[in-house]
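Undergrad: Provided herewith is a single structure, encoded as structure tokens, for subsequent inquiry.
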Amino acid sequence: MPAQAEVVDVIARLALFADLSTAQLEGVAHVFEEAFFADGTRVLRQGLTGSGLYVILDGEAAIQVDGVERSTLGRGEFFGEISCLLDEPPVADIVAHGPLRCLVLPRPQVQPFLTAYPIVMFRMLQAEARKLRNTTKWLE
């Protein structure tokens with residue numbers, strides 16, 4: 001299966017892109033780049049400029065704040081969006097736990113992408129609301 005078709009097949013099963021048509025999924029596969037990270041690779045660095053929006057296709061990544069692991073992200077989850085949306089450095093390190101395969105959208109392309117695909121923006125907003133709710137419960 002060609003790489004592009006395989007990416008379309010994978011992202012079609014992710015909640016973030018679940019509402020897109022096949023043509024839209026193909027468009028998404030064209031704007032995102034694929035990136036691979038080895039175990040232990042620091043994908044984003046706390047306090048440094050964020051480089052884009054990452055969507056995990058395969059593998060897991062740890063969220064570390066000041067060297068302390070706070071959570072783990074897996075297939076279909078995303079990171080880097082806060083830095084892109086607020087134009088601020090990441091507040092955490094994101095470290096690959098084993099081999100990690102992601103789709104990456106460079107920071108300058110995030111806003112145009114989200115406005116072109118408002119349903120993806122809505123799905124992302126829902127995910128952010130869940131994170132906020134869970135964090136709020138954790139702080140209680």
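Following the order of the structure tokens, first chain is A, next is B, and so on, with residues numbered from 1 inside each chain and ligands from 1 in the order they appear.
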Write out as a list in words which residues come within 8 Å of Ala96 of chain A when counting only C-alpha atoms, dropping same-chain ones fewer than 2 positions away.
TA: Phe37, Ala38, Asp39, Gly40, Thr41, Arg42, Val43, Gly59, Glu60, Ala61, Ala62, Ile94, Gly98, Pro99 and Leu100 of chain A
Undergrad: For Cys84 of chain A, please output as a PDB file with C-alpha atoms, in the first residue's frame all residues within 10 Å (counting only C-alpha atoms; exclusion window: fewer than 3 positions along the same chain).
TA:
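To be explicit, this is the file written out as out-v3.pdb:
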ATOM      1  CA  THR A  49       9.823  27.245  21.008  1.00  0.00           C
ATOM      2  CA  GLY A  50       7.228  24.682  19.957  1.00  0.00           C
ATOM      3  CA  SER A  51       7.582  23.494  16.404  1.00  0.00           C
ATOM      4  CA  GLY A  52       4.096  22.332  15.480  1.00  0.00           C
ATOM      5  CA  LEU A  53       1.085  20.144  16.052  1.00  0.00           C
ATOM      6  CA  PHE A  79       0.448  17.539  21.458  1.00  0.00           C
ATOM      7  CA  GLY A  80       2.100  20.862  20.656  1.00  0.00           C
ATOM      8  CA  GLU A  81      -1.245  22.520  19.950  1.00  0.00           C
ATOM      9  CA  ASP A  87       2.570  31.241  20.251  1.00  0.00           C
ATOM     10  CA  GLU A  88       4.321  30.332  23.510  1.00  0.00           C
ATOM     11  CA  PRO A  89       7.005  27.800  24.402  1.00  0.00           C
ATOM     12  CA  PRO A  90       5.880  24.320  25.522  1.00  0.00           C
ATOM     13  CA  LEU A 105       1.949  20.124  11.016  1.00  0.00           C
ATOM     14  CA  PRO A 106       4.410  23.034  11.266  1.00  0.00           C
ATOM     15  CA  ARG A 107       3.305  25.909  13.496  1.00  0.00           C
ATOM     16  CA  PRO A 108       2.649  28.418  10.650  1.00  0.00           C
ATOM     17  CA  GLN A 109       0.228  25.959   9.035  1.00  0.00           C
ATOM     18  CA  VAL A 110      -1.844  25.154  12.138  1.00  0.00           C
ATOM     19  CA  GLN A 111      -4.263  28.096  12.017  1.00  0.00           C
TER      20      GLN A 111
END
Undergrad: From the list A:Thr72, A:Asn134, A:Gln4, A:Gln126, which residue is nearest His30 of chain A when using only C-alpha atoms?
TA: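 For His30 of chain A, the nearest of the candidates is A:Gln4.
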Undergrad: Would you list, as a VMD selection string, the residues of chain A that end up in alpha helix (DSSP H) under DSSP run on this structure's backbone?
TA: chain A and resid 3 to 11 22 to 31 81 to 86 107 to 116 118 to 139
Undergrad: Would you kindly return, as a PyMOL selection string, each protein, DNA or RNA residue with an atom no farther than 12 Å from any atom of Lys131 of chain A, considering only C-alpha atoms and excluding same-chain residues fewer than 3 positions away?
TA: chain A and resi 71+73+77-79+124-128+134-138
Undergrad: Suppose we keep N, CA and C atoms; can you now write the selection as a CSV table (one decimal), in the first residue's frame?
TA:
chain,number,residue,atom,x,y,z
A,71,SER,N,2.0,12.3,32.6
A,71,SER,CA,1.0,11.5,31.8
A,71,SER,C,1.7,10.9,30.6
A,73,LEU,N,0.8,9.8,26.5
A,73,LEU,CA,-0.1,10.0,25.3
A,73,LEU,C,0.1,8.8,24.4
A,77,GLU,N,-3.9,10.6,20.0
A,77,GLU,CA,-3.7,11.8,20.8
A,77,GLU,C,-2.8,12.8,20.2
A,78,PHE,N,-2.8,14.0,20.6
A,78,PHE,CA,-2.0,15.1,20.0
A,78,PHE,C,-1.3,15.9,21.0
A,79,PHE,N,-0.3,16.6,20.6
A,79,PHE,CA,0.4,17.5,21.5
A,79,PHE,C,1.1,18.7,20.6
A,124,MET,N,-10.8,19.0,18.4
A,124,MET,CA,-9.6,19.4,19.2
A,124,MET,C,-10.1,20.1,20.4
A,125,LEU,N,-11.1,21.0,20.3
A,125,LEU,CA,-11.6,21.7,21.4
A,125,LEU,C,-12.3,20.8,22.4
A,126,GLN,N,-13.0,19.8,21.9
A,126,GLN,CA,-13.5,18.8,22.8
A,126,GLN,C,-12.5,18.1,23.6
A,127,ALA,N,-11.4,17.7,23.0
A,127,ALA,CA,-10.3,17.0,23.6
A,127,ALA,C,-9.6,17.9,24.7
A,128,GLU,N,-9.5,19.2,24.4
A,128,GLU,CA,-8.9,20.2,25.3
A,128,GLU,C,-9.9,20.3,26.5
A,134,ASN,N,-10.3,16.8,33.4
A,134,ASN,CA,-9.5,15.8,34.1
A,134,ASN,C,-8.5,16.5,35.0
A,135,THR,N,-7.9,17.5,34.6
A,135,THR,CA,-6.9,18.2,35.4
A,135,THR,C,-7.5,18.9,36.6
A,136,THR,N,-8.7,19.5,36.4
A,136,THR,CA,-9.4,20.1,37.5
A,136,THR,C,-9.8,19.1,38.5
A,137,LYS,N,-10.3,17.9,38.1
A,137,LYS,CA,-10.6,16.8,39.0
A,137,LYS,C,-9.3,16.4,39.8
A,138,TRP,N,-8.2,16.3,39.1
A,138,TRP,CA,-6.9,15.9,39.7
A,138,TRP,C,-6.5,16.9,40.7
Undergrad: Give the strand (DSSP E or B) residues of segment 19-104 of chain A, as DSSP finds them on the backbone, and put them as an MDAnalysis selection string.
TA: chainID A and resid 33:37 42:44 52:65 68:73 78:79 93:104
Undergrad: Quote the spacing between atom CA of Leu44 of chain A and atom CA of Val91 of chain A in Å to one decimal place.
TA: 9.4 Å
Undergrad: Let me make sure I understand: among A:Asp19, A:Asp58, A:Asp66, A:Asp9, which one has the smallest atom-to-atom distance to Phe36 of chain A if we use only C-alpha atoms?
TA: A:Asp58
Undergrad: Could you tell me which of A:Val104, A:Ala5, A:Val28, A:Ile82 comes closest to Ile56 of chain A if we count only C-alpha atoms?
TA: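 Nearest to Ile56 of chain A: A:Val104.
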Undergrad: Go through A:Val65, A:Leu57, A:Gly76, A:Ser83 one by one, measure the shortest atom-to-atom distance of each to Glu33 of chain A using only C-alpha atoms, and give the residue with the smallest value.
TA: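 Result for the nearest residue to Glu33 of chain A: A:Leu57.
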